[in-house]
file input-v9.txt (compact mmCIF, C-alpha atoms)
# COMPACT_ATOMS: atom_id res chain seq x y z
CA MET T 1 -66.42 -40.32 42.19
CA PRO T 2 -70.03 -39.41 43.09
CA PRO T 3 -72.31 -38.36 40.24
CA GLU T 4 -72.65 -34.64 39.62
CA ARG T 5 -75.84 -33.19 41.10
CA PRO T 6 -78.23 -31.62 38.58
CA ARG T 7 -78.26 -27.82 38.87
CA ILE T 8 -81.24 -25.50 38.92
CA GLY T 9 -81.59 -21.72 39.20
CA LEU T 10 -84.60 -20.28 41.02
CA VAL T 11 -85.71 -16.66 40.42
CA GLU T 12 -88.40 -16.01 43.04
CA ASP T 13 -88.89 -13.00 45.32
CA ASP T 14 -91.39 -14.67 47.71
CA PRO T 15 -89.28 -15.96 50.66
CA VAL T 16 -91.90 -18.51 51.74
CA MET T 17 -92.43 -20.06 48.31
CA GLY T 18 -88.73 -19.85 47.47
CA GLY T 19 -87.75 -21.53 50.72
CA SER T 20 -90.21 -24.40 50.31
CA ILE T 21 -89.15 -24.99 46.69
CA ILE T 22 -85.47 -25.06 47.63
CA GLN T 23 -86.09 -27.45 50.52
CA ARG T 24 -87.92 -29.95 48.31
CA LEU T 25 -85.52 -29.70 45.38
CA GLU T 26 -82.50 -30.28 47.59
CA LEU T 27 -84.20 -33.35 49.08
CA GLU T 28 -84.68 -34.61 45.51
CA GLY T 29 -80.95 -34.24 44.84
CA TRP T 30 -80.83 -30.91 42.99
CA ASP T 31 -78.15 -28.27 43.53
CA VAL T 32 -80.20 -25.05 43.78
CA THR T 33 -79.10 -21.41 43.44
CA TRP T 34 -81.72 -18.86 44.50
CA TRP T 35 -81.98 -15.26 43.29
CA GLN T 36 -84.67 -12.91 44.56
CA THR T 37 -84.32 -10.31 41.80
CA GLY T 38 -84.11 -10.54 38.05
CA ARG T 39 -80.93 -8.47 37.88
CA ALA T 40 -79.12 -10.80 40.30
CA ALA T 41 -80.10 -13.78 38.14
CA ILE T 42 -78.85 -12.12 34.95
CA GLU T 43 -75.52 -11.16 36.50
CA ALA T 44 -74.87 -14.58 38.00
CA THR T 45 -76.25 -16.90 35.31
CA GLY T 46 -73.50 -16.01 32.88
CA SER T 47 -70.96 -17.89 35.02
CA ALA T 48 -73.27 -20.72 36.11
CA ALA T 49 -73.93 -23.83 34.04
CA LEU T 50 -77.55 -24.68 34.83
CA ASP T 51 -79.81 -27.54 33.76
CA LEU T 52 -82.97 -25.46 34.26
CA VAL T 53 -84.14 -22.02 35.45
CA VAL T 54 -87.45 -21.70 37.30
CA CYS T 55 -88.52 -18.07 37.05
CA ASP T 56 -91.49 -16.12 38.43
CA ILE T 57 -92.97 -13.75 35.85
CA ARG T 58 -93.55 -10.98 38.41
CA LEU T 59 -90.32 -9.85 40.09
CA PRO T 60 -89.68 -6.69 42.16
CA ASP T 61 -87.20 -5.07 39.76
CA MET T 62 -88.16 -6.45 36.33
CA SER T 63 -90.37 -9.06 34.68
CA GLY T 64 -89.42 -12.68 34.20
CA GLU T 65 -89.90 -12.09 30.48
CA ALA T 66 -87.13 -9.49 30.57
CA VAL T 67 -84.83 -11.92 32.38
CA PHE T 68 -85.51 -14.56 29.75
CA GLY T 69 -85.03 -12.08 26.90
CA GLU T 70 -81.67 -10.99 28.28
CA LEU T 71 -80.34 -14.51 28.83
CA ALA T 72 -81.68 -15.75 25.47
CA LYS T 73 -79.11 -13.50 23.76
CA ARG T 74 -76.27 -15.50 25.29
CA PRO T 75 -74.90 -18.81 24.01
CA ASP T 76 -75.96 -22.02 25.77
CA THR T 77 -79.08 -20.51 27.36
CA PRO T 78 -80.53 -22.88 30.01
CA PRO T 79 -84.16 -24.05 29.66
CA PHE T 80 -86.74 -21.80 31.37
CA LEU T 81 -89.85 -22.89 33.28
CA PHE T 82 -92.08 -19.95 34.24
CA VAL T 83 -94.33 -19.67 37.29
CA THR T 84 -97.36 -17.48 36.58
CA GLY T 85 -100.55 -16.12 38.06
CA HIS T 86 -103.87 -16.80 36.33
CA GLY T 87 -103.81 -13.39 34.65
CA GLU T 88 -100.39 -13.99 33.11
CA ILE T 89 -101.14 -17.15 31.10
CA ASP T 90 -101.17 -15.33 27.75
CA GLN T 91 -97.74 -13.95 28.53
CA ALA T 92 -96.49 -17.41 29.52
CA VAL T 93 -97.78 -18.91 26.26
CA ARG T 94 -95.96 -16.17 24.35
CA LEU T 95 -92.77 -17.02 26.24
CA MET T 96 -93.12 -20.69 25.34
CA ARG T 97 -93.40 -19.74 21.68
CA SER T 98 -90.20 -17.78 22.18
CA GLY T 99 -88.37 -20.83 23.51
CA ALA T 100 -89.34 -21.41 27.16
CA VAL T 101 -89.93 -25.10 27.90
CA ASP T 102 -92.98 -24.85 30.17
CA PHE T 103 -95.05 -22.75 32.57
CA MET T 104 -97.08 -23.50 35.71
CA THR T 105 -99.91 -21.52 37.26
CA LYS T 106 -100.13 -20.78 40.98
CA PRO T 107 -100.98 -22.60 43.15
CA PHE T 108 -99.46 -25.91 42.04
CA SER T 109 -98.74 -29.27 43.64
CA MET T 110 -95.12 -30.03 44.40
CA ASP T 111 -95.34 -33.47 42.75
CA ASP T 112 -96.55 -31.93 39.50
CA PHE T 113 -93.83 -29.30 39.77
CA LEU T 114 -91.14 -31.99 40.14
CA LYS T 115 -92.45 -33.83 37.08
CA ARG T 116 -92.40 -30.63 35.04
CA ILE T 117 -88.83 -29.69 35.94
CA GLU T 118 -87.62 -33.23 35.26
CA ALA T 119 -89.25 -33.14 31.84
CA GLY T 120 -87.95 -29.66 31.03
CA ARG T 121 -84.38 -29.87 32.32
CA ARG T 122 -81.39 -29.71 30.00
CA THR T 123 -80.19 -33.05 28.59
CA SER T 124 -77.77 -34.10 25.90
CA THR T 125 -78.00 -31.77 22.93
CA SER T 126 -77.59 -34.70 20.57
CA THR T 127 -80.55 -36.79 21.65
CA ALA T 128 -84.04 -36.55 23.08
CA ARG T 129 -84.58 -37.50 26.70
CA ILE T 130 -85.65 -41.10 27.28
CA THR T 131 -86.78 -41.82 30.84
CA GLY T 132 -88.44 -44.63 32.72
CA CYS T 133 -86.53 -47.36 30.87
CA LEU T 134 -84.96 -49.00 33.91
CA GLY T 135 -87.54 -48.30 36.62
CA GLU T 136 -89.25 -45.53 38.55
CA SER T 137 -87.41 -45.50 41.89
CA THR T 138 -85.27 -42.53 42.85
CA ALA T 139 -82.18 -44.75 42.84
CA ILE T 140 -82.67 -46.03 39.30
CA ARG T 141 -83.67 -42.59 38.00
CA ARG T 142 -80.30 -41.36 39.24
CA VAL T 143 -78.69 -44.12 37.17
CA GLU T 144 -80.67 -43.03 34.11
CA ASP T 145 -79.66 -39.42 34.71
CA LEU T 146 -76.01 -40.45 34.87
CA LEU T 147 -76.33 -42.42 31.62
CA HIS T 148 -77.79 -39.36 29.90
CA ARG T 149 -74.87 -37.28 31.12
CA TYR T 150 -72.40 -39.85 29.81
CA ALA T 151 -74.18 -40.39 26.48
CA GLY T 152 -72.50 -37.57 24.56
CA HIS T 153 -68.96 -38.57 25.55
CA ASP T 154 -66.61 -41.11 23.93
CA LEU T 155 -64.80 -42.09 27.14
CA PRO T 156 -65.07 -45.68 28.44
CA VAL T 157 -67.90 -46.49 30.86
CA LEU T 158 -67.74 -49.17 33.57
CA ILE T 159 -71.10 -50.47 34.81
CA THR T 160 -71.01 -52.39 38.09
CA GLY T 161 -73.72 -54.25 39.96
CA GLU T 162 -74.84 -57.65 41.13
CA THR T 163 -75.62 -60.44 38.69
CA GLY T 164 -79.02 -59.91 37.11
CA SER T 165 -79.35 -56.27 38.17
CA GLY T 166 -79.67 -54.98 34.60
CA LYS T 167 -76.16 -53.98 33.54
CA GLU T 168 -76.61 -54.92 29.88
CA VAL T 169 -79.99 -53.17 29.76
CA ALA T 170 -78.26 -50.03 31.06
CA ALA T 171 -75.51 -50.41 28.47
CA ARG T 172 -78.05 -50.72 25.66
CA LEU T 173 -79.88 -47.63 26.94
CA LEU T 174 -76.59 -45.71 26.96
CA HIS T 175 -76.00 -46.73 23.34
CA GLN T 176 -79.58 -45.88 22.35
CA ILE T 177 -79.39 -42.32 23.67
CA SER T 178 -75.88 -41.64 22.39
CA PRO T 179 -74.86 -40.17 19.01
CA ARG T 180 -73.78 -43.73 18.11
CA ALA T 181 -77.34 -45.10 18.25
CA ALA T 182 -77.47 -45.84 14.52
CA GLU T 183 -74.18 -47.79 14.69
CA PRO T 184 -73.73 -51.43 15.89
CA PHE T 185 -74.07 -52.47 19.52
CA VAL T 186 -71.80 -55.52 19.88
CA ALA T 187 -72.08 -57.46 23.16
CA VAL T 188 -69.36 -59.85 24.30
CA ASN T 189 -69.78 -62.07 27.37
CA CYS T 190 -66.18 -62.49 28.50
CA ALA T 191 -67.14 -65.25 30.94
CA ALA T 192 -68.94 -67.38 28.33
CA ILE T 193 -66.14 -67.61 25.73
CA PRO T 194 -63.41 -70.25 26.31
CA VAL T 195 -60.10 -68.70 27.36
CA GLU T 196 -58.25 -70.04 24.31
CA LEU T 197 -60.77 -68.39 21.96
CA LEU T 198 -61.40 -65.08 23.75
CA GLU T 199 -58.53 -63.12 22.18
CA SER T 200 -59.41 -64.34 18.69
CA GLU T 201 -63.11 -63.55 19.18
CA ILE T 202 -62.45 -59.99 20.34
CA PHE T 203 -59.58 -59.01 18.03
CA GLY T 204 -60.03 -61.45 15.13
CA HIS T 205 -57.35 -63.49 13.34
CA GLU T 206 -55.72 -63.83 9.96
CA LYS T 207 -55.91 -66.93 7.82
CA GLY T 208 -53.33 -69.47 9.04
CA ALA T 209 -52.78 -67.69 12.38
CA PHE T 210 -53.23 -71.03 14.17
CA THR T 211 -54.36 -74.57 13.44
CA GLY T 212 -57.92 -74.45 12.13
CA ALA T 213 -57.79 -70.78 11.06
CA HIS T 214 -58.75 -71.47 7.45
CA VAL T 215 -60.12 -67.99 6.73
CA ARG T 216 -59.71 -64.46 8.05
CA HIS T 217 -62.01 -63.80 11.02
CA LEU T 218 -63.17 -60.30 11.99
CA GLY T 219 -63.36 -59.91 15.77
CA TYR T 220 -65.95 -58.08 17.84
CA ALA T 221 -63.75 -54.97 18.09
CA GLU T 222 -63.70 -54.65 14.32
CA ARG T 223 -67.39 -55.49 13.85
CA ALA T 224 -68.38 -52.78 16.34
CA GLY T 225 -67.33 -50.16 13.79
CA ARG T 226 -68.17 -46.71 15.15
CA GLY T 227 -70.76 -48.10 17.56
CA THR T 228 -70.44 -49.57 21.07
CA LEU T 229 -68.34 -52.55 22.13
CA PHE T 230 -69.96 -53.93 25.29
CA LEU T 231 -67.66 -56.20 27.30
CA ASP T 232 -69.84 -57.99 29.84
CA GLU T 233 -68.26 -59.70 32.86
CA ILE T 234 -64.97 -57.97 32.12
CA GLY T 235 -63.74 -59.04 35.56
CA ASP T 236 -63.50 -62.65 34.31
CA MET T 237 -61.17 -61.77 31.43
CA PRO T 238 -57.82 -63.63 31.69
CA PRO T 239 -54.51 -61.69 31.83
CA ALA T 240 -53.40 -62.02 28.19
CA PRO T 241 -56.47 -60.40 26.61
CA GLN T 242 -56.39 -57.76 29.37
CA ALA T 243 -52.98 -56.56 28.15
CA LYS T 244 -54.16 -56.36 24.54
CA LEU T 245 -57.38 -54.57 25.58
CA LEU T 246 -55.32 -51.97 27.45
CA ARG T 247 -53.27 -51.41 24.30
CA LEU T 248 -56.49 -51.12 22.29
CA ILE T 249 -57.73 -48.31 24.53
CA GLU T 250 -54.43 -46.44 24.71
CA ASP T 251 -53.56 -46.68 20.99
CA ALA T 252 -57.11 -46.68 19.56
CA GLY T 253 -55.99 -49.56 17.36
CA PHE T 254 -55.22 -53.30 17.36
CA THR T 255 -53.86 -56.13 15.22
CA ARG T 256 -55.58 -59.38 14.40
CA LEU T 257 -53.89 -62.55 15.66
CA GLY T 258 -51.26 -63.50 13.12
CA GLY T 259 -51.44 -60.07 11.49
CA GLU T 260 -49.17 -57.03 11.39
CA ALA T 261 -51.37 -54.25 10.08
CA ILE T 262 -52.77 -51.91 12.72
CA ILE T 263 -56.56 -51.61 12.48
CA PRO T 264 -58.10 -48.36 13.83
CA PHE T 265 -60.56 -48.82 16.67
CA ARG T 266 -63.39 -46.25 16.53
CA ALA T 267 -66.04 -47.77 18.82
CA ARG T 268 -66.80 -46.76 22.38
CA ILE T 269 -66.02 -49.31 25.10
CA VAL T 270 -68.65 -49.99 27.74
CA ALA T 271 -67.69 -52.70 30.24
CA ALA T 272 -69.67 -54.39 33.02
CA THR T 273 -68.84 -56.60 35.96
CA HIS T 274 -70.35 -57.94 39.17
CA ARG T 275 -66.89 -57.98 40.78
CA ASP T 276 -65.31 -55.19 42.83
CA LEU T 277 -62.37 -54.43 40.55
CA ALA T 278 -61.41 -51.43 42.67
CA GLU T 279 -59.85 -53.81 45.22
CA GLY T 280 -56.75 -54.06 43.06
CA GLY T 281 -55.07 -56.60 40.82
CA SER T 282 -53.52 -58.68 43.60
CA ASN T 283 -56.95 -59.52 44.97
CA THR T 284 -58.99 -59.73 41.77
CA GLY T 285 -56.53 -60.86 39.11
CA PHE T 286 -57.49 -57.75 37.14
CA ARG T 287 -54.92 -55.18 36.04
CA ASP T 288 -55.05 -51.90 37.93
CA ASP T 289 -54.04 -49.87 34.89
CA LEU T 290 -56.83 -51.43 32.79
CA TYR T 291 -59.36 -50.84 35.56
CA PHE T 292 -58.54 -47.13 35.71
CA ARG T 293 -58.80 -46.83 31.92
CA LEU T 294 -62.21 -48.56 31.89
CA ALA T 295 -63.68 -46.78 34.94
CA VAL T 296 -63.32 -43.23 33.62
CA LEU T 297 -67.12 -42.88 33.76
CA PRO T 298 -68.49 -45.26 36.42
CA VAL T 299 -72.10 -46.36 36.89
CA GLU T 300 -73.37 -48.56 39.73
CA ILE T 301 -76.69 -50.38 39.30
CA PRO T 302 -78.29 -50.90 42.75
CA PRO T 303 -79.69 -54.37 43.51
CA LEU T 304 -83.46 -54.80 43.37
CA ARG T 305 -83.75 -55.25 47.14
CA ARG T 306 -82.48 -51.67 47.56
CA ARG T 307 -85.13 -50.23 45.22
CA PRO T 308 -88.40 -51.98 46.11
CA GLU T 309 -90.36 -49.16 44.39
CA ASP T 310 -89.36 -50.78 41.08
CA ILE T 311 -90.81 -54.21 41.87
CA SER T 312 -94.44 -53.47 40.93
CA TRP T 313 -93.30 -51.52 37.87
CA LEU T 314 -91.16 -54.43 36.69
CA LEU T 315 -93.91 -56.98 37.40
CA ASP T 316 -96.34 -55.09 35.18
CA ARG T 317 -93.79 -54.52 32.44
CA PHE T 318 -92.65 -58.15 32.21
CA LEU T 319 -96.20 -59.46 32.43
CA GLY T 320 -97.25 -57.11 29.63
CA ASN T 321 -94.40 -58.43 27.47
CA ALA T 322 -95.31 -62.04 28.24
CA VAL T 323 -99.00 -61.53 27.49
CA ALA T 324 -98.23 -59.72 24.22
CA ARG T 325 -95.92 -62.53 23.15
CA THR T 326 -98.16 -65.48 24.09
CA GLY T 327 -101.66 -64.00 23.91
CA ALA T 328 -102.47 -65.35 27.39
CA ARG T 329 -105.64 -64.00 29.02
CA ILE T 330 -104.15 -62.69 32.24
CA ARG T 331 -105.51 -59.51 33.79
CA GLY T 332 -102.67 -58.89 36.21
CA PHE T 333 -101.38 -59.84 39.65
CA SER T 334 -103.49 -60.53 42.70
CA ALA T 335 -102.88 -58.34 45.73
CA LEU T 336 -101.42 -61.35 47.54
CA ALA T 337 -98.97 -62.01 44.71
CA GLU T 338 -97.84 -58.40 44.76
CA GLU T 339 -97.39 -58.54 48.53
CA ALA T 340 -95.33 -61.72 48.18
CA ALA T 341 -93.18 -60.10 45.51
CA LEU T 342 -92.55 -57.04 47.69
CA ALA T 343 -91.53 -59.29 50.60
CA HIS T 344 -89.15 -61.43 48.50
CA PRO T 345 -85.41 -60.55 48.78
CA TRP T 346 -84.76 -61.14 45.04
CA PRO T 347 -81.24 -62.59 45.23
CA GLY T 348 -81.29 -62.93 41.42
CA ASN T 349 -82.40 -59.31 41.00
CA VAL T 350 -84.32 -58.20 37.89
CA ARG T 351 -83.40 -61.34 35.94
CA GLU T 352 -84.99 -63.53 38.60
CA LEU T 353 -88.12 -61.37 38.61
CA ARG T 354 -88.46 -61.57 34.83
CA ASN T 355 -88.01 -65.36 34.82
CA ARG T 356 -90.59 -65.82 37.57
CA VAL T 357 -93.13 -63.63 35.78
CA GLU T 358 -92.65 -65.43 32.47
CA ARG T 359 -93.00 -68.85 34.12
CA ALA T 360 -96.10 -67.74 36.03
CA ALA T 361 -97.67 -66.32 32.86
CA ALA T 362 -97.06 -69.57 31.01
CA LEU T 363 -98.36 -71.93 33.69
CA THR T 364 -101.17 -70.15 35.55
CA ASN T 365 -104.80 -71.14 34.96
CA ASN T 366 -106.14 -67.98 36.60
CA GLU T 367 -106.94 -64.55 35.25
CA ARG T 368 -104.73 -63.09 37.95
CA ILE T 369 -101.35 -64.44 38.96
CA MET T 370 -101.31 -65.80 42.52
CA PRO T 371 -98.39 -66.14 44.98
CA GLY T 372 -98.07 -69.85 44.20
CA ASP T 373 -97.57 -69.01 40.53
CA LEU T 374 -94.66 -66.71 41.30
CA PHE T 375 -93.12 -68.78 44.12
CA PRO T 376 -94.13 -72.43 43.60
CA GLU T 377 -91.12 -73.67 45.54
CA GLN T 378 -92.46 -72.10 48.73
CA ALA T 379 -95.67 -74.09 48.49
CA SER T 380 -93.74 -77.29 47.78
CA ALA T 381 -91.41 -76.77 50.73
CA ALA T 382 -94.16 -75.90 53.16
CA GLY T 383 -96.53 -78.72 52.21
CA HIS T 384 -100.18 -78.63 53.12
CA ALA T 385 -99.59 -78.13 56.84
CA ALA T 386 -98.20 -74.61 56.72
CA PHE T 387 -100.54 -71.65 56.28
CA THR T 388 -100.09 -67.93 56.67
CA PRO T 389 -102.51 -66.65 59.32
CA LEU T 390 -105.38 -64.71 57.78
CA ALA T 391 -104.71 -61.84 60.18
CA GLU T 392 -101.20 -61.41 58.77
CA ILE T 393 -102.50 -61.46 55.19
CA ARG T 394 -105.21 -58.93 56.05
CA ASP T 395 -102.76 -56.63 57.82
CA ALA T 396 -100.32 -56.76 54.93
CA ALA T 397 -103.05 -55.93 52.43
CA GLU T 398 -104.39 -53.09 54.60
CA ARG T 399 -100.93 -51.62 55.09
CA ARG T 400 -100.30 -51.68 51.35
CA GLN T 401 -103.58 -49.92 50.59
CA ILE T 402 -102.94 -47.29 53.27
CA GLU T 403 -99.49 -46.60 51.82
CA ARG T 404 -101.02 -46.12 48.38
CA ALA T 405 -103.72 -43.82 49.70
CA LEU T 406 -101.22 -41.71 51.64
CA ALA T 407 -99.01 -41.42 48.58
CA GLU T 408 -101.99 -40.34 46.47
CA ALA T 409 -103.08 -37.84 49.13
CA GLY T 410 -99.59 -36.40 49.63
CA GLY T 411 -99.52 -37.66 53.23
CA GLN T 412 -102.79 -35.96 54.26
CA VAL T 413 -104.62 -38.33 56.60
CA GLY T 414 -108.07 -36.82 56.04
CA LYS T 415 -107.82 -37.08 52.27
CA ALA T 416 -106.40 -40.61 52.47
CA ALA T 417 -109.28 -41.66 54.75
CA GLY T 418 -111.72 -40.40 52.13
CA LEU T 419 -110.01 -42.45 49.43
CA LEU T 420 -110.24 -45.56 51.64
CA ALA T 421 -113.89 -44.85 52.61
CA ILE T 422 -113.13 -44.97 56.35
CA SER T 423 -113.11 -42.35 59.07
CA ARG T 424 -110.05 -40.31 59.88
CA THR T 425 -109.99 -41.82 63.38
CA THR T 426 -110.07 -45.38 62.06
CA LEU T 427 -107.26 -44.65 59.63
CA TRP T 428 -105.16 -43.04 62.34
CA GLU T 429 -105.64 -46.08 64.62
CA LYS T 430 -104.54 -48.43 61.85
CA MET T 431 -101.51 -46.28 61.05
CA THR T 432 -100.56 -46.30 64.72
CA ARG T 433 -100.86 -50.10 64.85
CA PHE T 434 -98.74 -50.49 61.72
CA GLY T 435 -96.14 -47.94 62.85
CA MET T 436 -96.91 -45.60 59.95
CA LYS T 437 -97.54 -42.30 61.72
CA GLU T 438 -94.37 -40.81 60.30
CA ARG T 439 -95.93 -41.07 56.81
CA ALA T 440 -98.58 -38.50 57.71
CA ARG T 441 -98.44 -34.73 57.54
CA SER T 442 -100.75 -31.93 58.54
CA ASP T 443 -103.88 -31.47 56.42
CA SER T 444 -103.68 -27.72 56.83
call {"tool": "encode", "arguments": {"input": "input-v9.txt", "output": "structure tokens"}}
result
Amino acid sequence: MPPERPRIGLVEDDPVMGGSIIQRLELEGWDVTWWQTGRAAIEATGSAALDLVVCDIRLPDMSGEAVFGELAKRPDTPPFLFVTGHGEIDQAVRLMRSGAVDFMTKPFSMDDFLKRIEAGRRTSTSTARITGCLGESTAIRRVEDLLHRYAGHDLPVLITGETGSGKEVAARLLHQISPRAAEPFVAVNCAAIPVELLESEIFGHEKGAFTGAHVRHLGYAERAGRGTLFLDEIGDMPPAPQAKLLRLIEDAGFTRLGGEAIIPFRARIVAATHRDLAEGGSNTGFRDDLYFRLAVLPVEIPPLRRRPEDISWLLDRFLGNAVARTGARIRGFSALAEEAALAHPWPGNVRELRNRVERAAALTNNERIMPGDLFPEQASAAGHAAFTPLAEIRDAAERRQIERALAEAGGQVGKAAGLLAISRTTLWEKMTRFGMKERARSDS
């Protein structure tokens, strides 16, 4: 089931501005409803569940303040972000004191506008919004958005993704932003516990339940209390514990091995696997009925190779952690090291990246980490005879800088050329050579 698109209401009478806002928001994944009068917004908003309303203060039939005042009388009022002219700032400030989340003055940049609506949108009523924990790419922000939507529920969550992609980190974030944050987070690696001990470790056992059971043992399900029971690599669980786990979910209770008393289960189950359990039990060895009970709220973590925008963010974050822990005097990554990281396929995903950064931070003698620090095996395999042509290195570095400048300039070639201290013609020639002309837009 695809994740639900966030919903926004736009109250704007200007057809040009309204059209451009809708076009950009829909590209960003929002579901937008547009009203060109205040009265239309008031009549329709009562039946629409919105995450945010963007409202112009000056409307043809009434003021945006009147729209806000009318809707504020109703239960579950959506957050309001007002768009104002310079002469209306005092009014906008008054509206914020009345409960609006933000206001923006015309004209404004679309990037700033997107940041403001993301910050102001409705989230779980039980917890403050925590963003940027998993990355900054659009793909991983969608994952974070889904976790926030799931946080207030008690239904099981199934997190899927390749090994090392960050499934446990996502599970811990889900717990942190949920109403259960103050309760235990108990993680169980189903693939790391011997088969003969797995059932006892999860459900516990009574004294004398089997040879060697000298005392009562409380299992993970009991120790989780009212918190979160995280079952990692659930796809590797053998059949016998699968049947008892299904009973745990359906009955909200369990018995210890060798016991008869039913113990209530009050924790939330979050499971994770790198396997495709949707294929069915005959192919995976996993029960179909248990899969459907676990996958009520699904989350898929994309592999790192499908979200390269997160690579630089993760490099900086892991290096910062390593430097803080060891006190190493490392200023950052060289441009060549960053280029090498962006070109690497990362088969081990985020876990591989973290391990490479920590090793490089521990072993480098330089103030900046070099490609050989991150990928020493490449230098060993190539020997001293293999070199990357300087032209290729120069082109890669130039392309990276041009991409950064274009991003900073919003795609405007003239502005990007100024940032790079070259002429517009020179920049255009380089973009043509690198096949980057589609990144540009008109400077008008």
call {"tool": "residues_around", "arguments": {"input": "input-v9.txt", "residues": "Glu250 in chain T", "least_positions_apart": "4", "cutoff": "10 Å", "atoms": "only C-alpha atoms", "output": "VMD selection string"}}
result
chain T and resid 244 to 246 290 293
call {"tool": "residues_around", "arguments": {"input": "input-v9.txt", "residues": "Ile140 in chain T", "least_positions_apart": "2", "cutoff": "12 Å", "atoms": "all atoms listed in the file", "output": "PDB file with C-alpha atoms, in the coordinates of the input"}}
result
ATOM      1  CA  THR T 131     -86.780 -41.820  30.840  1.00  0.00           C
ATOM      2  CA  GLY T 132     -88.440 -44.630  32.720  1.00  0.00           C
ATOM      3  CA  CYS T 133     -86.530 -47.360  30.870  1.00  0.00           C
ATOM      4  CA  LEU T 134     -84.960 -49.000  33.910  1.00  0.00           C
ATOM      5  CA  GLY T 135     -87.540 -48.300  36.620  1.00  0.00           C
ATOM      6  CA  GLU T 136     -89.250 -45.530  38.550  1.00  0.00           C
ATOM      7  CA  SER T 137     -87.410 -45.500  41.890  1.00  0.00           C
ATOM      8  CA  THR T 138     -85.270 -42.530  42.850  1.00  0.00           C
ATOM      9  CA  ARG T 142     -80.300 -41.360  39.240  1.00  0.00           C
ATOM     10  CA  VAL T 143     -78.690 -44.120  37.170  1.00  0.00           C
ATOM     11  CA  GLU T 144     -80.670 -43.030  34.110  1.00  0.00           C
ATOM     12  CA  ASP T 145     -79.660 -39.420  34.710  1.00  0.00           C
ATOM     13  CA  LEU T 146     -76.010 -40.450  34.870  1.00  0.00           C
ATOM     14  CA  LEU T 147     -76.330 -42.420  31.620  1.00  0.00           C
ATOM     15  CA  SER T 165     -79.350 -56.270  38.170  1.00  0.00           C
ATOM     16  CA  GLY T 166     -79.670 -54.980  34.600  1.00  0.00           C
ATOM     17  CA  LYS T 167     -76.160 -53.980  33.540  1.00  0.00           C
ATOM     18  CA  ALA T 170     -78.260 -50.030  31.060  1.00  0.00           C
ATOM     19  CA  VAL T 299     -72.100 -46.360  36.890  1.00  0.00           C
ATOM     20  CA  GLU T 300     -73.370 -48.560  39.730  1.00  0.00           C
ATOM     21  CA  ILE T 301     -76.690 -50.380  39.300  1.00  0.00           C
ATOM     22  CA  PRO T 302     -78.290 -50.900  42.750  1.00  0.00           C
ATOM     23  CA  PRO T 303     -79.690 -54.370  43.510  1.00  0.00           C
ATOM     24  CA  LEU T 304     -83.460 -54.800  43.370  1.00  0.00           C
ATOM     25  CA  ARG T 306     -82.480 -51.670  47.560  1.00  0.00           C
ATOM     26  CA  ARG T 307     -85.130 -50.230  45.220  1.00  0.00           C
ATOM     27  CA  PRO T 308     -88.400 -51.980  46.110  1.00  0.00           C
ATOM     28  CA  GLU T 309     -90.360 -49.160  44.390  1.00  0.00           C
ATOM     29  CA  ASP T 310     -89.360 -50.780  41.080  1.00  0.00           C
ATOM     30  CA  ILE T 311     -90.810 -54.210  41.870  1.00  0.00           C
TER      31      ILE T 311
END
call {"tool": "atom_distance", "arguments": {"input": "input-v9.txt", "atom1": "CA of Gly161 in chain T", "atom2": "CA of Ala340 in chain T"}}
result
24.3 Å
call {"tool": "residues_around", "arguments": {"input": "input-v9.txt", "residues": "Asp232 in chain T", "least_positions_apart": "2", "cutoff": "10 Å", "atoms": "only C-alpha atoms", "output": "VMD selection string"}}
result
chain T and resid 158 to 159 167 to 168 171 187 to 192 229 to 230 234 to 237 270 to 274
call {"tool": "atom_distance", "arguments": {"input": "input-v9.txt", "atom1": "CA of Val32 in chain T", "atom2": "CA of Asp111 in chain T"}}
result
17.4 Å
call {"tool": "atom_distance", "arguments": {"input": "input-v9.txt", "atom1": "CA of Leu25 in chain T", "atom2": "CA of Ile8 in chain T"}}
result
8.8 Å
call {"tool": "residues_around", "arguments": {"input": "input-v9.txt", "residues": "Glu222 in chain T", "least_positions_apart": "2", "cutoff": "12 Å", "atoms": "only C-alpha atoms", "output": "PyMOL selection string"}}
result
chain T and resi 184-186+200-205+217-220+224-229+248+252-256+262-268
call {"tool": "closest_residue", "arguments": {"input": "input-v9.txt", "among": "T:Arg305, T:Arg351, T:Ala361, T:Asp76", "to": "Gly327 in chain T", "atoms": "all atoms listed in the file"}}
result
T:Ala361
call {"tool": "residues_around", "arguments": {"input": "input-v9.txt", "residues": "range 341-343 of chain T", "least_positions_apart": "4", "cutoff": "12 Å", "atoms": "all atoms listed in the file", "output": "VMD selection string"}}
result
chain T and resid 304 to 316 333 to 337 349 to 350 352 to 354 356 to 357 369 to 375 396 to 397 400
call {"tool": "closest_residue", "arguments": {"input": "input-v9.txt", "among": "T:Pro78, T:Arg223, T:Gly164, T:Pro179", "to": "Asn355 in chain T", "atoms": "only C-alpha atoms"}}
result
T:Gly164
